[in-house]
Amino acid sequence: MKLNLGACDRRIDGFVSVDIAEPADQIADLAALWPWPDASVDEVRAHDVIEHIGDCDHTGTVCSRCFNRDSSAFRTLLSFAPQRHPLGRIHFMNELHRVLKPGARATIETPNASRGAGFFQDPTHKSPWCLNSFQYFEAGSFAHNRLAKTYGITAAFRVVSLGESSYQDVHEQVWKITAILEAVK
């Protein structure tokens with residue numbers, strides 16, 4: 001299976017289009033638990049979607065991503081806690097890693113929040129990304145080795161490529177990051 005996350009009306013041959021609303025082939029809230037089984041996805045395309053995944057609005061409670069799903073503590077809290085992770089970027093990357101098959105690739109495109117107007121121009125953007133954001137999910141990187149466990153990061157990727165490009169929007173230059181990641185399992 002190949003997924004086109006945040007597809008809206010952008011269809012790609014051979015990919016299942018996924019979004020939070022129609023006209024997607026499959027409706028799914030990517031800020032909640034993803035509906036696909038572990039290691040079931042061959043490829044993911046996520047263009048202009050990760051910046052829309054915000055942090056949870058709950059405080060002082062624990063959601064399904066804060067605890068191991070099989071733990072008794074999680075089962076006890078499940079009925080009380082919202083089904084979203086307090087750290088939306090970590091949740092997205094953990095779920096992406098979970099559903100990808102070993103060695104499967106994801107292509108992510110998002111505005112570069114450290115350059116240009118792209119991230120800040122859209123009032124629905126919730127989580128800023130820059131090139132260095134991806135090092136926290138890169139297997140073997142200093143940030144991943146040192147901080148993944150503390151931050152609750154279970155995702156581990158090999159960065160196949162990471163770069164940026166720009167284009168002139170109506171009034172300002174917009175910079176985009178393109179990351180091609182391979183699931184390390």
# chains A, B, ... in the order shown; residues from 1 in each chain; ligands from 1
$ select_by_dssp --residues "chain A" --states "strand (DSSP E or B)" --output "MDAnalysis selection string"
chainID A and resid 2:5 16:19 26:27 41:47 100:116 129 138 157:168 173:183
$ closest_atom_pairs --of "region 92-169 of chain A" --to "region 41-48 of chain A" --cutoff "10 Å" --atoms "only C-alpha atoms" --output "Markdown table"
| residue | atom | partner | partner_atom | distance |
| --- | --- | --- | --- | --- |
| A:Leu96 | CA | A:Val44 | CA | 8.3 |
| A:His97 | CA | A:Val41 | CA | 9.7 |
| A:Arg98 | CA | A:Val41 | CA | 9.2 |
| A:Val99 | CA | A:Val41 | CA | 5.7 |
| A:Leu100 | CA | A:Val41 | CA | 4.7 |
| A:Lys101 | CA | A:Val41 | CA | 5.7 |
| A:Pro102 | CA | A:Asp42 | CA | 8.8 |
| A:Gly103 | CA | A:Asp42 | CA | 8.7 |
| A:Ala104 | CA | A:Asp42 | CA | 5.4 |
| A:Arg105 | CA | A:Glu43 | CA | 5.2 |
| A:Ala106 | CA | A:Val44 | CA | 4.5 |
| A:Thr107 | CA | A:Arg45 | CA | 5.0 |
| A:Ile108 | CA | A:Ala46 | CA | 4.8 |
| A:Glu109 | CA | A:His47 | CA | 4.5 |
| A:Thr110 | CA | A:Asp48 | CA | 5.1 |
| A:Pro111 | CA | A:Asp48 | CA | 7.4 |
| A:His125 | CA | A:Asp48 | CA | 9.6 |
$ write_last_selection --atoms "N, CA and C atoms" --output "PDB file, in the first residue's frame"
ATOM      1  N   LEU A  96       4.378   7.500  11.492  1.00  0.00           N
ATOM      2  CA  LEU A  96       4.920   7.273  10.149  1.00  0.00           C
ATOM      3  C   LEU A  96       5.888   6.088  10.179  1.00  0.00           C
ATOM      4  N   HIS A  97       6.777   6.097  11.131  1.00  0.00           N
ATOM      5  CA  HIS A  97       7.747   5.011  11.266  1.00  0.00           C
ATOM      6  C   HIS A  97       7.037   3.686  11.559  1.00  0.00           C
ATOM      7  N   ARG A  98       6.057   3.711  12.419  1.00  0.00           N
ATOM      8  CA  ARG A  98       5.334   2.484  12.798  1.00  0.00           C
ATOM      9  C   ARG A  98       4.686   1.815  11.589  1.00  0.00           C
ATOM     10  N   VAL A  99       4.043   2.591  10.716  1.00  0.00           N
ATOM     11  CA  VAL A  99       3.291   1.981   9.608  1.00  0.00           C
ATOM     12  C   VAL A  99       4.172   1.611   8.417  1.00  0.00           C
ATOM     13  N   LEU A 100       5.351   2.223   8.284  1.00  0.00           N
ATOM     14  CA  LEU A 100       6.222   1.895   7.161  1.00  0.00           C
ATOM     15  C   LEU A 100       6.866   0.519   7.338  1.00  0.00           C
ATOM     16  N   LYS A 101       7.007  -0.194   6.238  1.00  0.00           N
ATOM     17  CA  LYS A 101       7.751  -1.449   6.246  1.00  0.00           C
ATOM     18  C   LYS A 101       9.232  -1.124   6.427  1.00  0.00           C
ATOM     19  N   PRO A 102      10.029  -2.070   6.921  1.00  0.00           N
ATOM     20  CA  PRO A 102      11.467  -1.827   7.026  1.00  0.00           C
ATOM     21  C   PRO A 102      12.043  -1.430   5.658  1.00  0.00           C
ATOM     22  N   GLY A 103      12.778  -0.333   5.629  1.00  0.00           N
ATOM     23  CA  GLY A 103      13.380   0.151   4.392  1.00  0.00           C
ATOM     24  C   GLY A 103      12.458   0.952   3.498  1.00  0.00           C
ATOM     25  N   ALA A 104      11.173   1.030   3.853  1.00  0.00           N
ATOM     26  CA  ALA A 104      10.225   1.811   3.048  1.00  0.00           C
ATOM     27  C   ALA A 104      10.528   3.301   3.197  1.00  0.00           C
ATOM     28  N   ARG A 105      10.142   4.047   2.177  1.00  0.00           N
ATOM     29  CA  ARG A 105      10.488   5.469   2.150  1.00  0.00           C
ATOM     30  C   ARG A 105       9.268   6.382   2.288  1.00  0.00           C
ATOM     31  N   ALA A 106       9.560   7.538   2.862  1.00  0.00           N
ATOM     32  CA  ALA A 106       8.576   8.614   2.961  1.00  0.00           C
ATOM     33  C   ALA A 106       9.206   9.868   2.384  1.00  0.00           C
ATOM     34  N   THR A 107       8.444  10.579   1.575  1.00  0.00           N
ATOM     35  CA  THR A 107       8.866  11.869   1.061  1.00  0.00           C
ATOM     36  C   THR A 107       7.994  12.927   1.721  1.00  0.00           C
ATOM     37  N   ILE A 108       8.645  13.802   2.459  1.00  0.00           N
ATOM     38  CA  ILE A 108       7.945  14.848   3.204  1.00  0.00           C
ATOM     39  C   ILE A 108       8.333  16.197   2.620  1.00  0.00           C
ATOM     40  N   GLU A 109       7.343  17.016   2.358  1.00  0.00           N
ATOM     41  CA  GLU A 109       7.594  18.393   1.934  1.00  0.00           C
ATOM     42  C   GLU A 109       6.828  19.314   2.863  1.00  0.00           C
ATOM     43  N   THR A 110       7.519  20.332   3.366  1.00  0.00           N
ATOM     44  CA  THR A 110       6.909  21.258   4.321  1.00  0.00           C
ATOM     45  C   THR A 110       7.584  22.623   4.195  1.00  0.00           C
ATOM     46  N   PRO A 111       6.880  23.693   4.539  1.00  0.00           N
ATOM     47  CA  PRO A 111       7.547  24.998   4.527  1.00  0.00           C
ATOM     48  C   PRO A 111       8.691  25.041   5.528  1.00  0.00           C
ATOM     49  N   HIS A 125      -1.260  26.717   9.800  1.00  0.00           N
ATOM     50  CA  HIS A 125      -0.008  26.034  10.140  1.00  0.00           C
ATOM     51  C   HIS A 125       0.203  26.079  11.647  1.00  0.00           C
TER      52      HIS A 125
END
$ residues_around --residues "Ala148 (chain A)" --least-positions-apart "6" --cutoff "9 Å" --atoms "only C-alpha atoms" --output "PyMOL selection string"
chain A and resi 136-137+154-155
$ residues_around --residues "region 13-16 of chain A" --least-positions-apart "4" --cutoff "10 Å" --atoms "only C-alpha atoms" --output "PDB file with N, CA and C atoms, in the first residue's frame"
ATOM      1  N   MET A   1       0.842  -1.171   0.000  1.00  0.00           N
ATOM      2  CA  MET A   1       0.000   0.000   0.000  1.00  0.00           C
ATOM      3  C   MET A   1       0.891   1.239   0.000  1.00  0.00           C
ATOM      4  N   LYS A   2       0.471   2.254  -0.755  1.00  0.00           N
ATOM      5  CA  LYS A   2       1.154   3.536  -0.806  1.00  0.00           C
ATOM      6  C   LYS A   2       0.159   4.612  -0.385  1.00  0.00           C
ATOM      7  N   LEU A   3       0.610   5.533   0.486  1.00  0.00           N
ATOM      8  CA  LEU A   3      -0.273   6.555   1.032  1.00  0.00           C
ATOM      9  C   LEU A   3       0.156   7.951   0.613  1.00  0.00           C
ATOM     10  N   ASN A   4      -0.807   8.758   0.219  1.00  0.00           N
ATOM     11  CA  ASN A   4      -0.611  10.170  -0.085  1.00  0.00           C
ATOM     12  C   ASN A   4      -1.302  10.940   1.042  1.00  0.00           C
ATOM     13  N   LEU A   5      -0.539  11.266   2.085  1.00  0.00           N
ATOM     14  CA  LEU A   5      -1.109  11.897   3.285  1.00  0.00           C
ATOM     15  C   LEU A   5      -1.361  13.385   3.067  1.00  0.00           C
ATOM     16  N   ALA A   7      -3.738  14.625   1.249  1.00  0.00           N
ATOM     17  CA  ALA A   7      -3.898  14.707  -0.196  1.00  0.00           C
ATOM     18  C   ALA A   7      -4.905  15.748  -0.654  1.00  0.00           C
ATOM     19  N   ALA A  24     -10.884  12.870  -0.154  1.00  0.00           N
ATOM     20  CA  ALA A  24      -9.860  11.829  -0.055  1.00  0.00           C
ATOM     21  C   ALA A  24     -10.486  10.437  -0.152  1.00  0.00           C
ATOM     22  N   ASP A  25      -9.669   9.465  -0.581  1.00  0.00           N
ATOM     23  CA  ASP A  25     -10.115   8.068  -0.631  1.00  0.00           C
ATOM     24  C   ASP A  25     -10.374   7.525   0.766  1.00  0.00           C
ATOM     25  N   GLN A  26      -9.532   7.932   1.713  1.00  0.00           N
ATOM     26  CA  GLN A  26      -9.666   7.472   3.094  1.00  0.00           C
ATOM     27  C   GLN A  26      -9.592   8.679   4.023  1.00  0.00           C
ATOM     28  N   GLU A  43       5.175   2.945   0.867  1.00  0.00           N
ATOM     29  CA  GLU A  43       5.683   4.281   0.563  1.00  0.00           C
ATOM     30  C   GLU A  43       4.676   5.318   1.042  1.00  0.00           C
ATOM     31  N   VAL A  44       5.198   6.472   1.471  1.00  0.00           N
ATOM     32  CA  VAL A  44       4.347   7.581   1.914  1.00  0.00           C
ATOM     33  C   VAL A  44       4.797   8.849   1.219  1.00  0.00           C
ATOM     34  N   ARG A  45       3.832   9.607   0.812  1.00  0.00           N
ATOM     35  CA  ARG A  45       4.047  10.961   0.319  1.00  0.00           C
ATOM     36  C   ARG A  45       3.279  11.877   1.265  1.00  0.00           C
TER      37      ARG A  45
END
$ closest_residue --among "A:Gln173, A:Ser17, A:Thr178, A:Ser141" --to "Gln121 (chain A)" --atoms "only C-alpha atoms"
A:Gln173
$ closest_residue --among "A:Ile12, A:Val18, A:Val160, A:Leu87" --to "Ala31 (chain A)" --atoms "only C-alpha atoms"
A:Leu87
$ closest_residue --among "A:Ala39, A:Ile177, A:Ile153, A:Ala143" --to "Trp129 (chain A)" --atoms "only C-alpha atoms"
A:Ile177
$ closest_residue --among "A:Thr150, A:Glu164, A:Ala139, A:Asp9" --to "Ser114 (chain A)" --atoms "only C-alpha atoms"
A:Glu164
$ residues_around --residues "Val159 (chain A)" --least-positions-apart "5" --cutoff "7 Å" --atoms "only C-alpha atoms" --output "list in words"
Glu138, Ile180, Leu181 and Glu182 of chain A
$ closest_residue --among "A:Val49, A:Ala117, A:Ile27, A:Met93" --to "Tyr167 (chain A)" --atoms "only C-alpha atoms"
A:Ala117
$ select_by_dssp --residues "region 2-185 of chain A" --states "alpha helix (DSSP H)" --output "PyMOL selection string"
chain A and resi 72-78+88-99+118-121+142-151
$ atom_distance --atom1 "CA of Pro35 (chain A)" --atom2 "CA of His144 (chain A)"
26.3 Å
